[in-house]
$ cat start-v4.cif   # mmCIF, C-alpha atoms
data_data
#
loop_
_atom_site.group_PDB
_atom_site.id
_atom_site.type_symbol
_atom_site.label_atom_id
_atom_site.label_comp_id
_atom_site.auth_asym_id
_atom_site.auth_seq_id
_atom_site.Cartn_x
_atom_site.Cartn_y
_atom_site.Cartn_z
ATOM 1 C CA MET X 1 -13.754 14.076 26.704
ATOM 2 C CA ASP X 2 -9.987 13.710 26.547
ATOM 3 C CA PHE X 3 -7.029 16.025 26.048
ATOM 4 C CA GLY X 4 -4.299 16.411 23.472
ATOM 5 C CA ILE X 5 -1.343 18.604 22.595
ATOM 6 C CA VAL X 6 -0.829 20.516 19.363
ATOM 7 C CA GLN X 7 2.722 21.562 18.537
ATOM 8 C CA PHE X 8 3.350 24.341 16.033
ATOM 9 C CA THR X 9 6.311 22.461 14.619
ATOM 10 C CA SER X 10 9.302 24.318 13.209
ATOM 11 C CA ASP X 11 13.009 23.824 12.701
ATOM 12 C CA ARG X 12 13.564 25.900 15.843
ATOM 13 C CA GLY X 13 11.424 23.823 18.189
ATOM 14 C CA LEU X 14 11.626 20.404 19.788
ATOM 15 C CA ARG X 15 11.703 17.511 17.352
ATOM 16 C CA ALA X 16 8.715 15.205 17.347
ATOM 17 C CA HIS X 17 10.636 12.156 18.551
ATOM 18 C CA HIS X 18 11.766 14.153 21.610
ATOM 19 C CA LEU X 19 8.392 15.732 22.407
ATOM 20 C CA ALA X 20 5.898 12.937 21.681
ATOM 21 C CA PRO X 21 7.151 10.612 24.462
ATOM 22 C CA LEU X 22 6.783 13.463 26.962
ATOM 23 C CA ILE X 23 3.178 13.981 25.849
ATOM 24 C CA GLU X 24 2.445 10.284 26.246
ATOM 25 C CA GLU X 25 4.177 10.061 29.636
ATOM 26 C CA ALA X 26 2.159 13.018 30.941
ATOM 27 C CA GLY X 27 -1.104 11.186 30.200
ATOM 28 C CA PHE X 28 -2.375 13.056 27.153
ATOM 29 C CA ALA X 29 -4.398 11.233 24.526
ATOM 30 C CA ALA X 30 -3.109 12.749 21.304
ATOM 31 C CA TYR X 31 -0.374 14.699 19.515
ATOM 32 C CA TYR X 32 -1.224 17.065 16.630
ATOM 33 C CA VAL X 33 0.974 18.897 14.128
ATOM 34 C CA PRO X 34 0.144 21.437 11.353
ATOM 35 C CA GLU X 35 0.974 21.696 7.657
ATOM 36 C CA HIS X 36 2.170 24.445 5.321
ATOM 37 C CA SER X 37 4.302 23.526 2.336
ATOM 38 C CA HIS X 38 5.588 27.100 1.964
ATOM 39 C CA ILE X 39 4.459 30.690 2.439
ATOM 40 C CA PRO X 40 4.662 32.953 -0.626
ATOM 41 C CA THR X 41 6.415 36.178 0.363
ATOM 42 C CA LYS X 42 3.847 38.278 -1.492
ATOM 43 C CA ARG X 43 0.280 37.382 -0.642
ATOM 44 C CA GLU X 44 -3.194 38.737 -1.118
ATOM 45 C CA ALA X 45 -4.902 36.256 1.197
ATOM 46 C CA ALA X 46 -5.647 37.610 4.667
ATOM 47 C CA HIS X 47 -4.748 35.521 7.684
ATOM 48 C CA PRO X 48 -7.908 34.736 9.715
ATOM 49 C CA ARG X 49 -6.400 36.140 12.929
ATOM 50 C CA THR X 50 -4.640 39.262 11.648
ATOM 51 C CA GLY X 51 -7.176 40.213 8.978
ATOM 52 C CA ASP X 52 -4.454 41.099 6.499
ATOM 53 C CA ALA X 53 -1.419 39.547 4.803
ATOM 54 C CA SER X 54 0.717 39.695 7.963
ATOM 55 C CA LEU X 55 1.392 36.484 9.873
ATOM 56 C CA PRO X 56 0.877 36.140 13.638
ATOM 57 C CA ASP X 57 3.808 33.752 14.002
ATOM 58 C CA GLU X 58 7.028 33.264 12.043
ATOM 59 C CA ARG X 59 6.673 29.504 12.446
ATOM 60 C CA TYR X 60 4.261 29.580 9.506
ATOM 61 C CA THR X 61 7.352 29.993 7.336
ATOM 62 C CA ARG X 62 9.286 27.232 9.118
ATOM 63 C CA THR X 63 6.652 24.485 9.539
ATOM 64 C CA LEU X 64 7.920 20.923 9.343
ATOM 65 C CA ASP X 65 6.367 18.252 7.145
ATOM 66 C CA PRO X 66 3.558 16.695 9.201
ATOM 67 C CA TRP X 67 3.851 13.126 7.946
ATOM 68 C CA THR X 68 7.569 12.885 8.654
ATOM 69 C CA SER X 69 6.993 14.362 12.115
ATOM 70 C CA LEU X 70 4.197 11.904 12.895
ATOM 71 C CA ALA X 71 6.308 8.988 11.674
ATOM 72 C CA ALA X 72 9.089 10.060 14.048
ATOM 73 C CA ALA X 73 6.531 10.305 16.866
ATOM 74 C CA ALA X 74 5.043 6.901 16.037
ATOM 75 C CA ALA X 75 8.443 5.238 16.406
ATOM 76 C CA VAL X 76 8.869 6.350 20.038
ATOM 77 C CA THR X 77 5.298 6.122 21.377
ATOM 78 C CA SER X 78 2.746 3.350 21.780
ATOM 79 C CA THR X 79 -0.582 4.784 22.948
ATOM 80 C CA ILE X 80 -1.187 8.379 21.863
ATOM 81 C CA GLU X 81 -3.207 9.163 18.769
ATOM 82 C CA LEU X 82 -1.250 10.962 16.060
ATOM 83 C CA SER X 83 -3.030 13.600 14.027
ATOM 84 C CA THR X 84 -2.890 16.924 12.202
ATOM 85 C CA ALA X 85 -4.300 20.350 13.030
ATOM 86 C CA VAL X 86 -4.576 20.854 10.261
ATOM 87 C CA ALA X 87 -3.275 19.138 7.142
ATOM 88 C CA LEU X 88 -3.933 20.441 3.634
ATOM 89 C CA PRO X 89 -4.533 17.306 1.537
ATOM 90 C CA VAL X 90 -5.237 19.184 -1.704
ATOM 91 C CA GLN X 91 -1.599 20.295 -1.752
ATOM 92 C CA SER X 92 -0.508 16.673 -2.251
ATOM 93 C CA ASP X 93 -1.152 13.962 -4.804
ATOM 94 C CA PRO X 94 -4.102 11.958 -3.424
ATOM 95 C CA LEU X 95 -2.731 8.545 -4.398
ATOM 96 C CA THR X 96 0.609 9.273 -2.747
ATOM 97 C CA LEU X 97 -1.018 10.835 0.318
ATOM 98 C CA ALA X 98 -3.326 7.848 0.747
ATOM 99 C CA LYS X 99 -0.268 5.594 0.762
ATOM 100 C CA THR X 100 1.556 7.832 3.241
ATOM 101 C CA VAL X 101 -1.341 7.937 5.693
ATOM 102 C CA ALA X 102 -2.011 4.200 5.391
ATOM 103 C CA THR X 103 1.673 3.472 5.986
ATOM 104 C CA LEU X 104 1.666 5.700 9.068
ATOM 105 C CA ASP X 105 -1.410 3.868 10.322
ATOM 106 C CA HIS X 106 0.340 0.540 9.758
ATOM 107 C CA LEU X 107 3.587 1.585 11.470
ATOM 108 C CA SER X 108 1.738 3.119 14.433
ATOM 109 C CA ASP X 109 -0.599 0.140 14.947
ATOM 110 C CA GLY X 110 -3.699 2.110 14.001
ATOM 111 C CA ARG X 111 -3.116 5.396 15.840
ATOM 112 C CA ILE X 112 -3.623 7.846 12.972
ATOM 113 C CA SER X 113 -6.455 10.336 12.499
ATOM 114 C CA LEU X 114 -6.688 13.411 10.285
ATOM 115 C CA GLY X 115 -7.513 17.025 10.931
ATOM 116 C CA VAL X 116 -7.885 18.770 7.582
ATOM 117 C CA GLY X 117 -8.557 22.276 6.370
ATOM 118 C CA PHE X 118 -9.807 23.975 3.239
ATOM 119 C CA GLY X 119 -6.813 26.334 3.325
ATOM 120 C CA TRP X 120 -6.931 30.038 4.199
ATOM 121 C CA ASN X 121 -3.740 30.861 2.272
ATOM 122 C CA LEU X 122 -5.074 31.065 -1.266
ATOM 123 C CA ASP X 123 -1.646 32.126 -2.566
ATOM 124 C CA GLU X 124 -0.107 28.945 -1.170
ATOM 125 C CA LEU X 125 -2.904 26.878 -2.700
ATOM 126 C CA ALA X 126 -2.465 28.598 -6.061
ATOM 127 C CA ASP X 127 1.144 27.417 -6.239
ATOM 128 C CA HIS X 128 -0.260 23.883 -5.956
ATOM 129 C CA HIS X 129 -2.710 24.640 -8.789
ATOM 130 C CA VAL X 130 -5.697 24.514 -6.450
ATOM 131 C CA PRO X 131 -8.538 26.744 -7.717
ATOM 132 C CA ALA X 132 -9.692 28.823 -4.758
ATOM 133 C CA GLY X 133 -13.360 28.549 -5.630
ATOM 134 C CA ARG X 134 -13.217 24.774 -5.940
ATOM 135 C CA ARG X 135 -11.008 23.822 -2.994
ATOM 136 C CA ARG X 136 -13.940 22.383 -1.019
ATOM 137 C CA THR X 137 -14.969 20.126 -3.889
ATOM 138 C CA MET X 138 -11.343 19.180 -4.399
ATOM 139 C CA LEU X 139 -10.929 18.233 -0.728
ATOM 140 C CA ARG X 140 -14.131 16.179 -0.819
ATOM 141 C CA GLU X 141 -12.865 14.225 -3.827
ATOM 142 C CA TYR X 142 -9.460 13.671 -2.229
ATOM 143 C CA LEU X 143 -11.051 12.234 0.906
ATOM 144 C CA GLU X 144 -13.469 10.048 -1.055
ATOM 145 C CA ALA X 145 -10.666 8.736 -3.253
ATOM 146 C CA MET X 146 -8.370 8.037 -0.311
ATOM 147 C CA ARG X 147 -11.139 6.231 1.557
ATOM 148 C CA ALA X 148 -11.701 4.075 -1.500
ATOM 149 C CA LEU X 149 -8.009 3.157 -1.567
ATOM 150 C CA TRP X 150 -8.053 2.444 2.168
ATOM 151 C CA THR X 151 -11.126 0.209 2.160
ATOM 152 C CA GLN X 152 -11.613 -1.479 -1.206
ATOM 153 C CA GLU X 153 -9.759 -4.477 -2.622
ATOM 154 C CA GLU X 154 -9.874 -2.882 -6.065
ATOM 155 C CA ALA X 155 -10.372 0.844 -5.739
ATOM 156 C CA GLU X 156 -11.265 3.340 -8.406
ATOM 157 C CA TYR X 157 -12.452 6.919 -8.413
ATOM 158 C CA HIS X 158 -13.696 9.241 -11.106
ATOM 159 C CA GLY X 159 -14.172 12.898 -10.277
ATOM 160 C CA GLU X 160 -13.340 16.388 -11.416
ATOM 161 C CA PHE X 161 -9.953 16.518 -9.668
ATOM 162 C CA VAL X 162 -9.173 12.852 -8.975
ATOM 163 C CA ASP X 163 -9.506 10.153 -11.592
ATOM 164 C CA PHE X 164 -8.031 6.661 -11.562
ATOM 165 C CA GLY X 165 -9.171 3.236 -12.678
ATOM 166 C CA PRO X 166 -9.332 -0.065 -10.774
ATOM 167 C CA SER X 167 -6.217 -0.284 -8.628
ATOM 168 C CA TRP X 168 -4.572 -2.258 -5.844
ATOM 169 C CA ALA X 169 -3.147 -0.381 -2.889
ATOM 170 C CA TRP X 170 -1.888 -1.701 0.430
ATOM 171 C CA PRO X 171 -1.532 -1.405 3.366
ATOM 172 C CA LYS X 172 -5.161 -0.985 4.323
ATOM 173 C CA PRO X 173 -5.708 0.927 7.585
ATOM 174 C CA SER X 174 -6.636 -1.319 10.469
ATOM 175 C CA ARG X 175 -9.619 0.873 11.380
ATOM 176 C CA THR X 176 -11.584 3.770 9.972
ATOM 177 C CA ILE X 177 -9.364 6.861 9.843
ATOM 178 C CA ASP X 178 -11.397 9.674 11.375
ATOM 179 C CA VAL X 179 -11.366 13.009 9.572
ATOM 180 C CA ASN X 180 -12.172 16.247 11.385
ATOM 181 C CA VAL X 181 -12.299 19.647 9.705
ATOM 182 C CA GLY X 182 -10.669 22.739 11.172
ATOM 183 C CA ALA X 183 -12.809 25.680 10.101
ATOM 184 C CA ALA X 184 -15.038 28.448 11.406
ATOM 185 C CA GLY X 185 -18.316 27.316 12.917
ATOM 186 C CA THR X 186 -20.580 28.295 10.042
ATOM 187 C CA GLU X 187 -23.584 26.579 8.507
ATOM 188 C CA LYS X 188 -21.722 26.154 5.208
ATOM 189 C CA ASN X 189 -18.801 24.431 6.898
ATOM 190 C CA PHE X 190 -21.055 22.252 9.032
ATOM 191 C CA ARG X 191 -23.018 21.057 6.006
ATOM 192 C CA TRP X 192 -19.714 20.080 4.409
ATOM 193 C CA ILE X 193 -18.681 18.231 7.572
ATOM 194 C CA ALA X 194 -22.012 16.400 7.835
ATOM 195 C CA ARG X 195 -21.584 15.148 4.288
ATOM 196 C CA SER X 196 -17.875 14.361 4.164
ATOM 197 C CA ALA X 197 -16.203 14.215 7.608
ATOM 198 C CA ASP X 198 -16.496 12.911 11.141
ATOM 199 C CA GLY X 199 -16.349 16.118 13.116
ATOM 200 C CA TRP X 200 -15.184 19.666 13.681
ATOM 201 C CA ILE X 201 -12.027 21.332 15.021
ATOM 202 C CA THR X 202 -12.633 24.848 16.300
ATOM 203 C CA THR X 203 -10.487 27.778 15.226
ATOM 204 C CA PRO X 204 -8.069 29.489 17.680
ATOM 205 C CA GLY X 205 -9.849 31.732 20.159
ATOM 206 C CA GLU X 206 -13.259 30.221 19.418
ATOM 207 C CA THR X 207 -14.412 29.413 22.973
ATOM 208 C CA ASP X 208 -18.078 30.484 22.978
ATOM 209 C CA ILE X 209 -19.206 27.510 20.926
ATOM 210 C CA ASP X 210 -22.623 26.617 22.330
ATOM 211 C CA ASP X 211 -24.599 27.895 19.351
ATOM 212 C CA SER X 212 -22.114 26.391 16.890
ATOM 213 C CA VAL X 213 -22.286 22.971 18.538
ATOM 214 C CA ALA X 214 -26.083 23.066 18.529
ATOM 215 C CA LEU X 215 -26.079 24.024 14.842
ATOM 216 C CA LEU X 216 -23.636 21.264 13.945
ATOM 217 C CA ASN X 217 -25.669 18.660 15.819
ATOM 218 C CA ARG X 218 -28.851 19.763 14.060
ATOM 219 C CA ILE X 219 -27.237 19.664 10.611
ATOM 220 C CA TRP X 220 -25.639 16.304 11.437
ATOM 221 C CA ALA X 221 -28.988 14.783 12.382
ATOM 222 C CA ASP X 222 -30.766 16.323 9.389
ATOM 223 C CA ALA X 223 -28.145 14.734 7.129
ATOM 224 C CA GLY X 224 -29.043 11.315 8.531
ATOM 225 C CA ARG X 225 -25.714 10.758 10.252
ATOM 226 C CA ASP X 226 -25.703 8.309 13.151
ATOM 227 C CA GLY X 227 -24.475 9.249 16.600
ATOM 228 C CA ALA X 228 -22.892 12.630 17.188
ATOM 229 C CA PRO X 229 -20.038 14.462 15.471
ATOM 230 C CA GLN X 230 -16.623 14.596 17.050
ATOM 231 C CA ILE X 231 -15.833 18.071 18.366
ATOM 232 C CA VAL X 232 -12.217 19.051 19.015
ATOM 233 C CA ALA X 233 -11.855 22.392 20.798
ATOM 234 C CA LEU X 234 -8.679 24.464 20.860
ATOM 235 C CA ASP X 235 -8.112 26.000 24.286
ATOM 236 C CA MET X 236 -5.558 28.425 25.715
ATOM 237 C CA LYS X 237 -5.664 27.809 29.466
ATOM 238 C CA PRO X 238 -7.736 25.216 31.309
ATOM 239 C CA ASP X 239 -10.753 26.527 33.148
ATOM 240 C CA ALA X 240 -12.638 23.919 35.160
ATOM 241 C CA ASP X 241 -16.075 25.439 34.609
ATOM 242 C CA ARG X 242 -15.573 25.868 30.872
ATOM 243 C CA LEU X 243 -14.217 22.343 30.477
ATOM 244 C CA ALA X 244 -17.148 20.883 32.413
ATOM 245 C CA HIS X 245 -19.539 22.812 30.203
ATOM 246 C CA TRP X 246 -17.772 21.722 27.025
ATOM 247 C CA GLN X 247 -18.035 18.110 28.099
ATOM 248 C CA GLU X 248 -21.732 18.583 28.810
ATOM 249 C CA ILE X 249 -22.459 19.965 25.319
ATOM 250 C CA GLY X 250 -20.534 17.213 23.550
ATOM 251 C CA VAL X 251 -16.920 18.313 23.074
ATOM 252 C CA THR X 252 -14.915 15.116 22.661
ATOM 253 C CA ARG X 253 -11.340 16.430 22.843
ATOM 254 C CA VAL X 254 -9.584 19.616 23.977
ATOM 255 C CA LEU X 255 -6.198 20.642 22.577
ATOM 256 C CA TYR X 256 -3.495 22.811 24.129
ATOM 257 C CA GLY X 257 -0.333 24.286 22.681
ATOM 258 C CA LEU X 258 2.947 24.302 24.551
ATOM 259 C CA PRO X 259 6.381 25.926 24.784
ATOM 260 C CA ASP X 260 8.785 23.670 22.909
ATOM 261 C CA LYS X 261 12.221 25.267 23.007
ATOM 262 C CA ASP X 262 13.765 22.381 24.974
ATOM 263 C CA VAL X 263 12.897 19.123 26.729
ATOM 264 C CA GLU X 264 13.022 20.551 30.251
ATOM 265 C CA THR X 265 10.640 23.405 29.475
ATOM 266 C CA ALA X 266 8.206 21.160 27.639
ATOM 267 C CA ARG X 267 8.246 18.455 30.325
ATOM 268 C CA ALA X 268 7.602 20.956 33.120
ATOM 269 C CA TYR X 269 4.725 22.556 31.207
ATOM 270 C CA LEU X 270 3.137 19.215 30.378
ATOM 271 C CA GLU X 271 3.357 18.062 33.995
ATOM 272 C CA ARG X 272 1.725 21.278 35.253
ATOM 273 C CA LEU X 273 -1.002 21.110 32.601
ATOM 274 C CA ALA X 274 -1.661 17.413 33.265
ATOM 275 C CA GLY X 275 -2.023 18.203 36.961
ATOM 276 C CA LYS X 276 -4.562 20.943 36.285
ATOM 277 C CA LEU X 277 -6.533 18.603 34.039
ATOM 278 C CA GLY X 278 -6.389 15.715 36.492
ATOM 279 C CA LEU X 279 -4.808 13.299 34.031
ATOM 280 C CA ALA X 280 -3.878 9.860 35.311
ATOM 281 C CA ARG X 281 -0.346 8.739 34.500
#
$ encode --input "start-v4.cif" --output "structure tokens"
Amino acid sequence: MDFGIVQFTSDRGLRAHHLAPLIEEAGFAAYYVPEHSHIPTKREAAHPRTGDASLPDERYTRTLDPWTSLAAAAAVTSTIELSTAVALPVQSDPLTLAKTVATLDHLSDGRISLGVGFGWNLDELADHHVPAGRRRTMLREYLEAMRALWTQEEAEYHGEFVDFGPSWAWPKPSRTIDVNVGAAGTEKNFRWIARSADGWITTPGETDIDDSVALLNRIWADAGRDGAPQIVALDMKPDADRLAHWQEIGVTRVLYGLPDKDVETARAYLERLAGKLGLAR
């Protein structure tokens, strides 16, 4: 089990090329950023944490583009994994997104992974012409099509939402790009993960995950998947007993947020957190 940092990026917080080196220097394994293209001012979709149309954080309206942020981070780091928690692939063109991710992988020397979501904000998705009832199928097709472009000399894909004939596309990622899904720990979501992804990212505040992990492992095995799924747990404050238990049940990575108003504040927080986690520098 290792540890990473997730930054709720915004135009009022530290820029990725200032924060990412601090994360790497403190001994963390990964840096994650989120994605929202925009937030419609009038919405019917309820936020998972508030239960209504209100937002728990104004940064939802100010989120930076994840791929630009990760590119900036890649340029000033050399070891940390660069990822998303979570990206919304169905809001992009799959051919263009495949190229963007593959280019990031190339420029970072193979340090890219993906955390993806189905999208809770149905109003945001609607502006991208994503049918709410088909967003899971759409995401599956996007991932399958992108993997074809990343791995095949001549790639093609024919689906309901993605359709292209034999094509050339480089660069090819230097390794398999892992895809983890940020979603509630339900049987429906785990069956989707077992079919189409490499693991699960918990939702904020979801700390009692024993039953969910057991369910995911059972569904994973029943689906004929080798090994065990990756499990990325979001945590608020480190607790030694909880972390030891999470490692025992198969959690592979734990993520923490951070204050990011300036370099000094972020550096001090990261140093304190690294000390509590016993990270080697």
$ resolve_selection --input "start-v4.cif" --expression "the PyMOL selection byres ((chain X and resi 99) around 10)" --output "number ranges by chain"
X: 94-98, 100-105, 146, 149-150, 169-173
$ resolve_selection --input "start-v4.cif" --expression "the PyMOL selection byres ((chain X and resi 80) around 10)" --output "ChimeraX atom specification"
/X:4,20-21,23-25,27-31,73-74,77-79,81-83,108,111-112
$ closest_residue --input "start-v4.cif" --among "X:Gly182, X:Pro34, X:Pro238, X:Gly51" --to "Leu64 (chain X)" --atoms "only C-alpha atoms"
X:Pro34
$ closest_residue --input "start-v4.cif" --among "X:Arg62, X:Arg195, X:Lys237, X:Arg272" --to "Asp222 (chain X)" --atoms "only C-alpha atoms"
X:Arg195
$ resolve_selection --input "start-v4.cif" --expression "the PyMOL selection byres ((chain X and resi 65) around 8)" --output "ChimeraX atom specification"
/X:35-37,63-64,66-69
$ atom_distance --input "start-v4.cif" --atom1 "CA of Val86 (chain X)" --atom2 "CA of Gly224 (chain X)"
26.3 Å
$ atom_distance --input "start-v4.cif" --atom1 "CA of Arg59 (chain X)" --atom2 "CA of Arg12 (chain X)"
8.5 Å
$ closest_residue --input "start-v4.cif" --among "X:Asp11, X:Gln152, X:Ile219, X:Ala53" --to "Lys188 (chain X)" --atoms "only C-alpha atoms"
X:Ile219
$ axis_aligned_box --input "start-v4.cif" --around "region 187-206 of chain X" --padding-each-side "4 Å" --output "lines of an AutoDock Vina configuration file"
center_x = -15.8
center_y = 22.3
center_z = 12.2
size_x = 23.5
size_y = 26.8
size_z = 24.0
$ atom_distance --input "start-v4.cif" --atom1 "CA of Leu70 (chain X)" --atom2 "CA of Leu14 (chain X)"
13.2 Å
$ residues_around --input "start-v4.cif" --residues "Leu139 (chain X)" --least-positions-apart "4" --cutoff "12 Å" --atoms "only C-alpha atoms" --output "PyMOL selection string"
chain X and resi 87-94+116-119+125+130-135+143-146+159-162+179+181+192-193+196-197
$ closest_residue --input "start-v4.cif" --among "X:Pro166, X:Thr50, X:Phe3, X:Arg43" --to "Ile231 (chain X)" --atoms "all atoms listed in the file"
X:Phe3
$ closest_residue --input "start-v4.cif" --among "X:Ala148, X:Ile201, X:Leu122, X:Ala45" --to "Leu216 (chain X)" --atoms "all atoms listed in the file"
X:Ile201
$ residues_around --input "start-v4.cif" --residues "region 242-259 of chain X" --least-positions-apart "3" --cutoff "7 Å" --atoms "only C-alpha atoms" --output "list of chain:residue names"
X:Met1, X:Asp2, X:Phe3, X:Gly4, X:Ile5, X:Val6, X:Gln7, X:Gln230, X:Ile231, X:Val232, X:Ala233, X:Leu234, X:Asp235, X:Met236, X:Asp239, X:Thr265, X:Ala266
$ closest_residue --input "start-v4.cif" --among "X:Leu22, X:Thr202, X:Leu55, X:Asn189" --to "Trp220 (chain X)" --atoms "all atoms listed in the file"
X:Asn189
$ build_atoms --input "start-v4.cif" --residues "region 131-139 of chain X" --atoms "all heavy atoms" --output "compact mmCIF listing (two decimals), in the frame of the given file"
# COMPACT_ATOMS: atom_id res chain seq x y z
N PRO X 131 -7.66 25.60 -7.47
CA PRO X 131 -8.54 26.74 -7.72
C PRO X 131 -9.29 27.13 -6.44
O PRO X 131 -9.97 26.29 -5.84
CB PRO X 131 -9.49 26.24 -8.81
CG PRO X 131 -9.46 24.75 -8.70
CD PRO X 131 -8.10 24.38 -8.17
N ALA X 132 -9.14 28.38 -6.05
CA ALA X 132 -9.69 28.82 -4.76
C ALA X 132 -11.18 28.52 -4.63
O ALA X 132 -11.64 28.05 -3.58
CB ALA X 132 -9.44 30.32 -4.58
N GLY X 133 -11.92 28.75 -5.69
CA GLY X 133 -13.36 28.55 -5.63
C GLY X 133 -13.80 27.10 -5.66
O GLY X 133 -14.99 26.83 -5.47
N ARG X 134 -12.87 26.19 -5.86
CA ARG X 134 -13.22 24.77 -5.94
C ARG X 134 -12.48 23.94 -4.89
O ARG X 134 -12.51 22.71 -4.95
CB ARG X 134 -12.87 24.24 -7.33
CG ARG X 134 -13.57 24.95 -8.47
CD ARG X 134 -15.07 24.71 -8.47
NE ARG X 134 -15.38 23.34 -8.85
CZ ARG X 134 -16.53 22.73 -8.59
NH1 ARG X 134 -17.46 23.36 -7.90
NH2 ARG X 134 -16.74 21.49 -8.98
N ARG X 135 -11.84 24.58 -3.93
CA ARG X 135 -11.01 23.82 -2.99
C ARG X 135 -11.84 22.90 -2.09
O ARG X 135 -11.35 21.86 -1.66
CB ARG X 135 -10.13 24.76 -2.17
CG ARG X 135 -10.82 25.70 -1.21
CD ARG X 135 -9.80 26.73 -0.69
NE ARG X 135 -10.28 27.54 0.40
CZ ARG X 135 -11.02 28.63 0.27
NH1 ARG X 135 -11.40 29.02 -0.94
NH2 ARG X 135 -11.38 29.34 1.33
N ARG X 136 -13.09 23.26 -1.82
CA ARG X 136 -13.94 22.38 -1.02
C ARG X 136 -14.30 21.11 -1.80
O ARG X 136 -14.26 20.00 -1.25
CB ARG X 136 -15.21 23.13 -0.60
CG ARG X 136 -14.98 24.25 0.38
CD ARG X 136 -16.19 25.16 0.50
NE ARG X 136 -15.97 26.19 1.49
CZ ARG X 136 -16.29 26.09 2.78
NH1 ARG X 136 -16.88 24.99 3.22
NH2 ARG X 136 -16.04 27.07 3.61
N THR X 137 -14.67 21.29 -3.05
CA THR X 137 -14.97 20.13 -3.89
C THR X 137 -13.73 19.26 -4.05
O THR X 137 -13.80 18.02 -4.00
CB THR X 137 -15.47 20.58 -5.27
OG1 THR X 137 -16.66 21.35 -5.10
CG2 THR X 137 -15.76 19.40 -6.18
N MET X 138 -12.59 19.91 -4.23
CA MET X 138 -11.34 19.18 -4.40
C MET X 138 -11.02 18.36 -3.15
O MET X 138 -10.65 17.18 -3.23
CB MET X 138 -10.22 20.17 -4.70
CG MET X 138 -8.94 19.54 -5.24
SD MET X 138 -7.82 20.87 -5.81
CE MET X 138 -6.47 19.86 -6.45
N LEU X 139 -11.19 18.96 -1.97
CA LEU X 139 -10.93 18.23 -0.73
C LEU X 139 -11.89 17.06 -0.58
O LEU X 139 -11.49 15.96 -0.17
CB LEU X 139 -11.04 19.17 0.47
CG LEU X 139 -10.82 18.52 1.84
CD1 LEU X 139 -9.46 17.85 1.93
CD2 LEU X 139 -11.00 19.56 2.97
